[in-house]
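Coordinates from query-v8.cif are shown below (mmCIF, C-alpha atoms and all ligand atoms).
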```cif
data_protein
#
loop_
_atom_site.label_atom_id
_atom_site.label_comp_id
_atom_site.auth_asym_id
_atom_site.auth_seq_id
_atom_site.Cartn_x
_atom_site.Cartn_y
_atom_site.Cartn_z
CA MET I 22 72.56 -292.73 -45.15
CA SER I 23 72.17 -290.98 -41.84
CA LYS I 24 74.01 -292.51 -38.94
CA LYS I 25 72.41 -293.93 -35.82
CA LYS I 26 72.91 -292.00 -32.61
CA VAL I 27 75.34 -293.83 -30.32
CA THR I 28 73.92 -294.96 -26.96
CA ILE I 29 75.53 -294.85 -23.52
CA PRO I 30 75.74 -298.70 -23.36
CA GLU I 31 77.46 -298.65 -26.77
CA LEU I 32 79.99 -296.08 -25.51
CA GLN I 33 80.63 -298.23 -22.45
CA GLU I 34 81.06 -301.28 -24.70
CA MET I 35 83.77 -299.38 -26.60
CA LYS I 36 85.81 -299.13 -23.42
CA LYS I 37 85.69 -302.94 -23.14
CA THR I 38 86.57 -303.60 -26.78
CA GLY I 39 89.25 -300.91 -26.94
CA LYS I 40 87.61 -299.00 -29.80
CA LYS I 41 88.13 -295.24 -29.44
CA PHE I 42 85.31 -292.75 -29.82
CA LYS I 43 85.62 -289.08 -30.72
CA MET I 44 83.94 -286.04 -29.14
CA ILE I 45 84.15 -282.75 -31.05
CA THR I 46 83.17 -279.41 -29.55
CA VAL I 47 80.82 -277.35 -31.73
CA TYR I 48 78.29 -274.63 -30.99
CA ASP I 49 76.05 -274.04 -33.98
CA TYR I 50 73.78 -275.49 -36.67
CA PRO I 51 76.09 -275.52 -39.71
CA PHE I 52 78.94 -277.26 -37.85
CA ALA I 53 76.48 -279.67 -36.22
CA ARG I 54 75.18 -280.67 -39.67
CA ILE I 55 78.71 -281.50 -40.80
CA VAL I 56 79.43 -283.53 -37.66
CA ASP I 57 76.15 -285.40 -38.14
CA SER I 58 77.44 -286.73 -41.48
CA SER I 59 80.98 -287.42 -40.15
CA ASN I 60 82.62 -290.39 -38.43
CA LEU I 61 82.53 -288.59 -35.06
CA GLU I 62 80.25 -290.15 -32.43
CA VAL I 63 79.77 -287.37 -29.88
CA ILE I 64 79.32 -283.59 -29.82
CA LEU I 65 80.19 -281.43 -26.82
CA VAL I 66 78.38 -278.12 -26.69
CA GLY I 67 81.02 -276.65 -24.39
CA ASP I 68 80.89 -273.62 -22.16
CA SER I 69 84.15 -272.79 -23.98
CA LEU I 70 81.71 -270.92 -26.23
CA GLY I 71 82.29 -268.07 -23.77
CA MET I 72 85.81 -267.84 -25.15
CA VAL I 73 85.45 -269.11 -28.72
CA ILE I 74 82.10 -267.53 -29.65
CA GLN I 75 81.67 -264.66 -27.19
CA GLY I 76 85.32 -263.59 -26.91
CA HIS I 77 85.67 -263.70 -23.12
CA ASP I 78 89.00 -264.65 -21.55
CA GLY I 79 87.41 -267.54 -19.65
CA THR I 80 84.21 -269.56 -19.23
CA VAL I 81 82.95 -267.96 -16.02
CA PRO I 82 80.60 -265.43 -17.75
CA VAL I 83 78.61 -268.16 -19.54
CA GLU I 84 74.96 -268.47 -18.45
CA MET I 85 72.43 -271.31 -18.66
CA ASP I 86 70.53 -269.34 -21.31
CA ASP I 87 73.66 -269.26 -23.52
CA MET I 88 74.04 -273.03 -23.20
CA LEU I 89 70.35 -273.68 -23.93
CA TYR I 90 70.48 -271.46 -27.04
CA HIS I 91 73.49 -273.32 -28.45
CA VAL I 92 72.32 -276.82 -27.49
CA LYS I 93 69.04 -276.18 -29.34
CA ALA I 94 70.84 -274.99 -32.48
CA VAL I 95 73.25 -277.95 -32.42
CA ARG I 96 70.45 -280.46 -31.90
CA ARG I 97 68.60 -279.10 -34.95
CA GLY I 98 71.77 -279.64 -37.02
CA ALA I 99 72.72 -283.02 -35.58
CA PRO I 100 69.59 -285.08 -34.88
CA ASN I 101 71.62 -288.31 -35.06
CA THR I 102 74.61 -287.42 -32.90
CA PHE I 103 74.94 -287.90 -29.14
CA ILE I 104 75.19 -284.47 -27.49
CA VAL I 105 76.92 -283.61 -24.21
CA GLY I 106 75.64 -280.31 -22.79
CA ASP I 107 78.15 -278.45 -20.60
CA MET I 108 76.82 -277.08 -17.31
CA PRO I 109 78.08 -273.49 -16.96
CA PHE I 110 79.66 -271.93 -13.89
CA MET I 111 77.22 -271.57 -10.94
CA SER I 112 74.49 -273.66 -12.58
CA TYR I 113 75.29 -276.64 -10.31
CA GLN I 114 77.66 -275.48 -7.57
CA VAL I 115 75.11 -273.81 -5.26
CA SER I 116 72.96 -276.82 -4.40
CA ARG I 117 71.95 -280.31 -5.51
CA LYS I 118 68.50 -278.92 -6.24
CA GLU I 119 69.79 -276.26 -8.64
CA ALA I 120 72.09 -278.82 -10.24
CA ILE I 121 69.17 -281.16 -10.95
CA ARG I 122 66.92 -278.36 -12.23
CA ASN I 123 69.55 -276.99 -14.63
CA ALA I 124 70.65 -280.43 -15.85
CA GLY I 125 67.01 -281.12 -16.70
CA ARG I 126 66.79 -277.88 -18.68
CA LEU I 127 69.79 -278.91 -20.82
CA LEU I 128 68.17 -282.28 -21.53
CA LYS I 129 64.87 -280.64 -22.49
CA ALA I 130 66.82 -278.37 -24.88
CA GLY I 131 68.16 -281.44 -26.68
CA ALA I 132 71.26 -282.68 -24.86
CA ASP I 133 71.61 -286.43 -24.21
CA CYS I 134 73.58 -285.89 -21.02
CA VAL I 135 75.36 -283.11 -19.10
CA LYS I 136 78.98 -282.48 -18.15
CA MET I 137 80.06 -281.13 -14.76
CA GLU I 138 83.52 -279.84 -13.85
CA GLY I 139 85.06 -280.16 -10.46
CA ASP I 140 86.78 -282.07 -7.69
CA MET I 141 85.47 -283.80 -4.51
CA ARG I 142 83.26 -280.79 -3.77
CA VAL I 143 81.14 -281.56 -6.85
CA VAL I 144 80.73 -285.30 -6.24
CA ASP I 145 77.44 -284.89 -4.34
CA LYS I 146 76.01 -282.75 -7.18
CA VAL I 147 76.99 -285.40 -9.73
CA ALA I 148 75.31 -288.10 -7.62
CA ALA I 149 72.15 -285.96 -7.26
CA VAL I 150 71.89 -285.28 -11.01
CA VAL I 151 72.44 -288.96 -11.84
CA GLY I 152 69.88 -289.80 -9.17
CA ALA I 153 67.36 -287.59 -10.93
CA GLY I 154 67.84 -289.61 -14.11
CA VAL I 155 70.24 -287.40 -16.02
CA PRO I 156 73.41 -289.07 -17.37
CA VAL I 157 76.56 -287.22 -16.30
CA VAL I 158 80.05 -286.83 -17.73
CA ALA I 159 82.44 -285.66 -15.00
CA HIS I 160 85.39 -283.39 -15.83
CA ILE I 161 88.61 -283.17 -13.79
CA GLY I 162 92.18 -281.92 -14.19
CA LEU I 163 92.28 -278.49 -15.79
CA THR I 164 88.80 -277.22 -14.94
CA PRO I 165 88.47 -273.87 -16.75
CA GLN I 166 85.61 -272.56 -14.56
CA THR I 167 87.92 -272.59 -11.53
CA ALA I 168 91.21 -272.11 -13.36
CA ALA I 169 91.85 -268.85 -11.50
CA MET I 170 92.55 -270.96 -8.41
CA PHE I 171 95.51 -272.60 -10.09
CA GLY I 172 96.67 -269.42 -11.80
CA GLY I 173 95.30 -269.95 -15.31
CA PHE I 174 95.07 -272.72 -17.87
CA LYS I 175 97.86 -274.87 -16.43
CA VAL I 176 98.58 -278.57 -16.75
CA GLN I 177 97.36 -280.43 -13.64
CA GLY I 178 98.49 -283.56 -11.79
CA LYS I 179 102.22 -283.35 -12.42
CA SER I 180 103.34 -284.05 -8.83
CA ALA I 181 102.74 -287.44 -7.21
CA GLU I 182 100.39 -285.80 -4.67
CA ALA I 183 98.37 -283.96 -7.31
CA ALA I 184 98.20 -287.10 -9.47
CA GLU I 185 96.99 -289.20 -6.52
CA SER I 186 94.33 -286.58 -5.79
CA LEU I 187 93.08 -286.70 -9.41
CA LEU I 188 92.91 -290.51 -9.30
CA LEU I 189 90.81 -290.32 -6.13
CA GLN I 190 88.54 -287.71 -7.75
CA ALA I 191 88.07 -289.95 -10.79
CA LEU I 192 87.18 -292.94 -8.60
CA ALA I 193 84.73 -290.79 -6.63
CA MET I 194 83.05 -289.57 -9.85
CA GLU I 195 82.65 -293.16 -11.03
CA LYS I 196 81.15 -294.11 -7.66
CA ALA I 197 78.79 -291.11 -7.86
CA GLY I 198 77.42 -292.57 -11.09
CA ALA I 199 79.13 -290.59 -13.87
CA PHE I 200 79.19 -292.74 -17.03
CA ALA I 201 82.31 -291.02 -18.42
CA ILE I 202 84.93 -288.52 -17.32
CA VAL I 203 86.85 -285.83 -19.19
CA LEU I 204 90.54 -285.65 -18.26
CA GLU I 205 91.77 -282.20 -19.28
CA CYS I 206 95.46 -281.27 -19.51
CA ILE I 207 97.04 -283.95 -17.34
CA PRO I 208 100.13 -286.10 -18.03
CA ALA I 209 99.50 -288.98 -20.43
CA ALA I 210 100.95 -291.49 -17.95
CA LEU I 211 98.45 -290.38 -15.27
CA ALA I 212 95.54 -290.60 -17.73
CA LYS I 213 96.63 -294.17 -18.55
CA ILE I 214 96.51 -295.13 -14.88
CA ILE I 215 93.12 -293.46 -14.38
CA ASP I 216 91.71 -295.20 -17.48
CA GLU I 217 92.95 -298.56 -16.21
CA ARG I 218 91.53 -298.04 -12.71
CA LEU I 219 88.06 -296.95 -13.90
CA SER I 220 85.40 -299.04 -15.57
CA ILE I 221 83.77 -295.93 -17.10
CA CYS I 222 84.99 -294.17 -20.27
CA THR I 223 87.74 -291.58 -20.01
CA ILE I 224 87.78 -288.73 -22.54
CA SER I 225 91.16 -287.11 -23.20
CA CYS I 226 91.40 -283.39 -23.78
CA GLY I 227 95.14 -282.93 -23.65
CA ALA I 228 95.59 -286.10 -21.58
CA GLY I 229 97.38 -288.29 -24.08
CA PRO I 230 96.43 -291.34 -26.16
CA HIS I 231 95.47 -293.89 -23.48
CA ALA I 232 91.92 -292.68 -22.79
CA THR I 233 88.76 -294.30 -24.16
CA ALA I 234 88.02 -291.23 -26.26
CA GLN I 235 89.53 -288.02 -27.60
CA ASN I 236 88.12 -284.48 -27.55
CA LEU I 237 89.11 -281.49 -29.64
CA ASN I 238 87.41 -278.20 -30.37
CA ALA I 239 86.20 -277.76 -33.98
CA TYR I 240 87.64 -274.24 -34.12
CA ASP I 241 91.05 -275.62 -33.12
CA VAL I 242 90.85 -278.59 -35.52
CA LEU I 243 90.04 -276.21 -38.37
CA GLY I 244 92.63 -273.58 -37.47
CA ILE I 245 90.08 -270.79 -37.00
CA PHE I 246 90.70 -269.98 -33.33
CA ASP I 247 94.19 -268.53 -32.88
CA LYS I 248 93.93 -266.51 -29.66
CA PHE I 249 95.80 -269.43 -28.07
CA VAL I 250 96.69 -272.87 -29.38
CA PRO I 251 97.18 -275.40 -26.57
CA LYS I 252 100.02 -277.91 -26.97
CA PHE I 253 97.59 -280.83 -27.33
CA VAL I 254 95.79 -279.27 -30.30
CA LYS I 255 96.40 -280.60 -33.80
CA GLN I 256 95.15 -278.33 -36.56
CA TYR I 257 93.81 -280.38 -39.48
CA GLY I 258 92.98 -277.27 -41.50
CA GLN I 259 94.01 -273.63 -41.77
CA LEU I 260 90.57 -272.18 -42.37
CA GLY I 261 91.31 -268.91 -40.58
CA GLY I 262 93.63 -267.96 -43.42
CA GLN I 263 91.19 -269.19 -46.06
CA ILE I 264 88.34 -267.22 -44.52
CA LEU I 265 90.45 -264.06 -44.48
CA GLU I 266 91.40 -264.60 -48.12
CA ALA I 267 87.74 -265.09 -49.12
CA PHE I 268 86.70 -261.89 -47.30
CA ASN I 269 89.53 -259.93 -48.93
CA GLN I 270 88.76 -261.31 -52.38
CA TRP I 271 85.10 -260.28 -52.12
CA GLY I 272 86.25 -256.87 -50.87
CA ARG I 273 88.65 -256.43 -53.80
CA GLU I 274 86.12 -257.57 -56.39
CA THR I 275 83.50 -255.22 -54.96
CA ASP I 276 85.99 -252.32 -55.03
CA GLU I 277 86.86 -253.14 -58.65
CA GLY I 278 83.26 -253.66 -59.80
CA LEU I 279 83.84 -257.35 -60.54
CA TYR I 280 81.12 -258.34 -58.09
CA PRO I 281 78.17 -258.62 -58.60
CA GLU I 282 77.95 -260.08 -62.12
CA ALA I 283 74.76 -260.38 -64.18
CA LYS I 284 74.13 -263.89 -62.79
CA HIS I 285 73.93 -262.47 -59.28
CA CYS I 286 71.24 -259.91 -60.24
CA PHE I 287 67.45 -260.06 -60.25
CA THR I 288 65.55 -258.84 -63.31
CA MET I 289 62.14 -257.30 -64.12
CA ASN I 290 60.42 -257.30 -67.51
CA GLU I 291 60.83 -254.40 -69.97
CA GLU I 292 57.13 -253.38 -69.78
CA ASP I 293 57.22 -252.80 -66.10
CA LEU I 294 60.57 -251.09 -66.35
CA LYS I 295 59.19 -248.62 -68.98
CA ARG I 296 56.13 -247.84 -66.86
CA LEU I 297 58.44 -246.90 -64.07
CA TYR I 298 59.95 -244.00 -66.08
N1 LIG U 301 89.38 -273.12 -28.42
C1 LIG U 301 89.47 -273.74 -27.24
N2 LIG U 301 90.09 -274.94 -27.16
C2 LIG U 301 90.20 -275.58 -25.97
O1 LIG U 301 90.76 -276.70 -25.94
C3 LIG U 301 89.65 -274.97 -24.80
C4 LIG U 301 89.02 -273.72 -24.94
N3 LIG U 301 88.95 -273.13 -26.16
N4 LIG U 301 88.44 -273.11 -23.87
C5 LIG U 301 88.26 -273.86 -22.64
C6 LIG U 301 89.42 -274.71 -22.38
C7 LIG U 301 90.66 -273.93 -22.07
N5 LIG U 301 91.67 -274.82 -22.55
C8 LIG U 301 93.04 -274.55 -22.54
C9 LIG U 301 93.50 -273.28 -22.76
C10 LIG U 301 94.86 -273.00 -22.77
C11 LIG U 301 95.77 -274.02 -22.54
C12 LIG U 301 97.22 -273.71 -22.55
O2 LIG U 301 97.63 -272.72 -23.09
N6 LIG U 301 98.02 -274.57 -21.95
C13 LIG U 301 99.48 -274.48 -21.98
C14 LIG U 301 100.03 -275.27 -20.82
C15 LIG U 301 100.58 -274.40 -19.77
C16 LIG U 301 101.34 -275.27 -18.77
O3 LIG U 301 102.44 -275.71 -19.13
O4 LIG U 301 100.83 -275.52 -17.67
C17 LIG U 301 100.00 -275.11 -23.27
O5 LIG U 301 101.15 -274.81 -23.63
O6 LIG U 301 99.27 -275.89 -23.92
C18 LIG U 301 95.30 -275.31 -22.30
C19 LIG U 301 93.94 -275.57 -22.32
C20 LIG U 301 91.11 -275.99 -23.16
N7 LIG U 301 89.79 -275.53 -23.53
C1 LIG U 302 87.57 -278.31 -22.86
C2 LIG U 302 86.30 -279.06 -23.01
C3 LIG U 302 86.36 -280.42 -22.40
C4 LIG U 302 85.15 -278.25 -22.43
O1 LIG U 302 84.72 -278.42 -21.34
C5 LIG U 302 84.62 -277.16 -23.25
O2 LIG U 302 84.93 -277.07 -24.47
O3 LIG U 302 83.85 -276.36 -22.71
MG MG U 303 83.63 -276.75 -20.61
#
```
I'd like the structure from this file rewritten - as structure tokens, please.
Ligand SMILES: Nc1nc(=O)c2c([nH]1)NC[C@@H]1CN(c3ccc(C(=O)N[C@@H](CCC(=O)O)C(=O)O)cc3)CN21
Ligand SMILES: CC(C)C(=O)C(=O)O
Ligand SMILES: [Mg+2]
Amino acid sequence: MSKKKVTIPELQEMKKTGKKFKMITVYDYPFARIVDSSNLEVILVGDSLGMVIQGHDGTVPVEMDDMLYHVKAVRRGAPNTFIVGDMPFMSYQVSRKEAIRNAGRLLKAGADCVKMEGDMRVVDKVAAVVGAGVPVVAHIGLTPQTAAMFGGFKVQGKSAEAAESLLLQALAMEKAGAFAIVLECIPAALAKIIDERLSICTISCGAGPHATAQNLNAYDVLGIFDKFVPKFVKQYGQLGGQILEAFNQWGRETDEGLYPEAKHCFTMNEEDLKRLY
């Protein structure tokens, strides 16, 4: 039984009924297939692929073409899952026109909506993209594309002033027409207030339990990505170790002549083999 893709009205209904939804970050076809048969409602194809897949130290190097490539692969694996396509750095900051054009490209590649990071300076771009008919998830708090400005991947909104500013940003994003908002790395108590003050869904990525939804990265959930493990991450598997063990076992068996066995080999008939000599 394949599941039915969740709709935006259904996600909004979940905020009213208090039922949580889950958004997992994946980047490729095999993971997308697994999510499509899981109890997770939403996939984020995040620009974090710059770090997790490409090995950069941040998300700034990621291009539209990278995002389109991964959104297409994920859509092929997860035809029945709602996909959020992340807009990469400089694909929406320059002008409303570029924002609309690039958001449209992500939708044509298979995304159901786009996500845009930023504070008050991005509100007009969000409004323009929504105005062009593309659903938008806003993203405030720790915004990795501009993390250099706050000195790295640091928790945001800890002071009363910073918290007030984030609340105002969230309200502005709702007014601009975003249907949901990611709250990344902010105090749980602030996320609770923001969730209560907004009618749209809040999605917690390191923002505590009070949001409408939770987000984690598949590579963190599985214990594959160990370059850094943020405090909010819970590893539900230790696949990094299992993958290493599998690689080493194949290596050992190949060294010792235990792989391949007869069942792994192709054959040809005796006649043809004789004619060869
Ligand atoms: N694999 C992966 N998982 C993520 O959650 C993720 C990415 N990549 N890449 C994009 C952003 C970057 N993220 C990060 C990265 C590091 C921290 C981190 O180390 N935070 C410190 C807090 C430092 C402070 O106290 O201010 C921590 O201890 O968690 C948090 C979020 C979340 N996102
Ligand atoms: C951290 C999440 C929300 C994200 O934007 C990403 O994975 O790119
Ligand atoms: Mg991102």
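For ligand MG 303 (chain U), the set of protein, DNA and RNA residues within 7 Å, based on all atoms listed in the file, reads Gly67, Asp68, Ser69, Asp107 and Pro165 of chain I.
Atom CA of Phe174 of chain I lies 22.4 Å from atom CA of Asp87 of chain I.
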Within 12 Å of file point (94.7, -292.4, -7.9), counting only C-alpha atoms, expressed as a short mmCIF file (atom, residue, chain, number, x, y, z; two decimals) with C-alpha atoms, keeping the file's coordinate frame:
```cif
data_model
loop_
_atom_site.label_atom_id
_atom_site.label_comp_id
_atom_site.auth_asym_id
_atom_site.auth_seq_id
_atom_site.Cartn_x
_atom_site.Cartn_y
_atom_site.Cartn_z
CA GLY I 178 98.49 -283.56 -11.79
CA ALA I 181 102.74 -287.44 -7.21
CA GLU I 182 100.39 -285.80 -4.67
CA ALA I 183 98.37 -283.96 -7.31
CA ALA I 184 98.20 -287.10 -9.47
CA GLU I 185 96.99 -289.20 -6.52
CA SER I 186 94.33 -286.58 -5.79
CA LEU I 187 93.08 -286.70 -9.41
CA LEU I 188 92.91 -290.51 -9.30
CA LEU I 189 90.81 -290.32 -6.13
CA GLN I 190 88.54 -287.71 -7.75
CA ALA I 191 88.07 -289.95 -10.79
CA LEU I 192 87.18 -292.94 -8.60
CA ALA I 193 84.73 -290.79 -6.63
CA ALA I 210 100.95 -291.49 -17.95
CA LEU I 211 98.45 -290.38 -15.27
CA ALA I 212 95.54 -290.60 -17.73
CA LYS I 213 96.63 -294.17 -18.55
CA ILE I 214 96.51 -295.13 -14.88
CA ILE I 215 93.12 -293.46 -14.38
CA ASP I 216 91.71 -295.20 -17.48
CA GLU I 217 92.95 -298.56 -16.21
CA ARG I 218 91.53 -298.04 -12.71
CA LEU I 219 88.06 -296.95 -13.90
#
```
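Atom CA of Lys43 of chain I is positioned 25.0 Å from atom CA of Arg126 of chain I.
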### Task
Around ligand LIG 301 (chain U), at most 10 Å away and counting only C-alpha atoms and all ligand atoms, which residues are there? Put them as a VMD selection string, please.
chain I and resid 46 67 to 74 77 to 80 163 to 166 168 171 to 177 179 205 to 207 226 to 227 236 to 242 244 to 254
#### Entry: Residue nearest Glu84 of chain I - candidates I:Met108, I:Val135, I:Ala169, I:Cys222, atoms counted: only C-alpha atoms
I:Met108
What are the closest atom pairs, with distances in Å to one decimal, for all residues of segment 51-98 of chain I lying within 12 Å of segment 28-41 of chain I? Consider all atoms listed in the file, order rows by chain and residue number, and present the result as a tab-separated table.
```
residue	atom	partner	partner_atom	distance
I:Asn60	CA	I:Lys41	CA	11.6
I:Leu61	CA	I:Lys41	CA	10.4
I:Glu62	CA	I:Leu32	CA	9.1
I:Val63	CA	I:Leu32	CA	9.7
```
### Radius query 12 Å about (66.4, -272.6, -27.4), atoms used: only C-alpha atoms, as a PyMOL selection string
chain I and resi 49+85-97+126-132
Expected file: the selected residues, C-alpha atoms, as a compact mmCIF listing (two decimals), in the frame of the given file:
```
# COMPACT_ATOMS: atom_id res chain seq x y z
CA ASP I 49 76.05 -274.04 -33.98
CA MET I 85 72.43 -271.31 -18.66
CA ASP I 86 70.53 -269.34 -21.31
CA ASP I 87 73.66 -269.26 -23.52
CA MET I 88 74.04 -273.03 -23.20
CA LEU I 89 70.35 -273.68 -23.93
CA TYR I 90 70.48 -271.46 -27.04
CA HIS I 91 73.49 -273.32 -28.45
CA VAL I 92 72.32 -276.82 -27.49
CA LYS I 93 69.04 -276.18 -29.34
CA ALA I 94 70.84 -274.99 -32.48
CA VAL I 95 73.25 -277.95 -32.42
CA ARG I 96 70.45 -280.46 -31.90
CA ARG I 97 68.60 -279.10 -34.95
CA ARG I 126 66.79 -277.88 -18.68
CA LEU I 127 69.79 -278.91 -20.82
CA LEU I 128 68.17 -282.28 -21.53
CA LYS I 129 64.87 -280.64 -22.49
CA ALA I 130 66.82 -278.37 -24.88
CA GLY I 131 68.16 -281.44 -26.68
CA ALA I 132 71.26 -282.68 -24.86
```
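Using only C-alpha atoms and all ligand atoms, the smallest distance between any of I:Glu138, I:Glu274, I:Glu119, I:Glu266 and ligand LIG 302 (chain U) comes from I:Glu138.
We find atom C1 of ligand LIG 302 (chain U) and atom CA of Gly154 of chain I to be spaced 24.4 Å apart.
Each of I:Glu277, I:Val144, I:Pro100, I:Gly198 was compared to Pro156 of chain I using all atoms listed in the file, and I:Gly198 turns out to be the nearest.
If you measure from each of I:Phe110, I:Phe287, I:Tyr280, I:Phe103 to ligand LIG 302 (chain U) using all atoms listed in the file, the closest one turns out to be I:Phe110.
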### Task
Determine, counting all atoms listed in the file, which protein, DNA and RNA residues have an atom within 6 Å of an atom of segment 159-161 of chain I; residues of the same chain fewer than 2 positions away are not included. Present the result as a VMD selection string.
chain I and resid 136 to 139 202 to 204
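Remark: for ligand LIG 302 (chain U), the closest of the candidate residues I:Ala228, I:Ala209, I:Val151, I:Met170 is I:Ala228 (distances computed over only C-alpha atoms and all ligand atoms).
Proximity of I:Ala197, I:Val155, I:Ala99, I:Leu65 to ligand LIG 302 (chain U), computed with only C-alpha atoms and all ligand atoms, is greatest for I:Leu65.
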Size and centre in Å, one decimal, axis-aligned box, all listed segment 38-55 of chain I atoms plus 5 Å per side, as JSON:
```
{"center_x": 81.5, "center_y": -288.8, "center_z": -33.8, "size_x": 25.5, "size_y": 39.6, "size_z": 24.0}
```
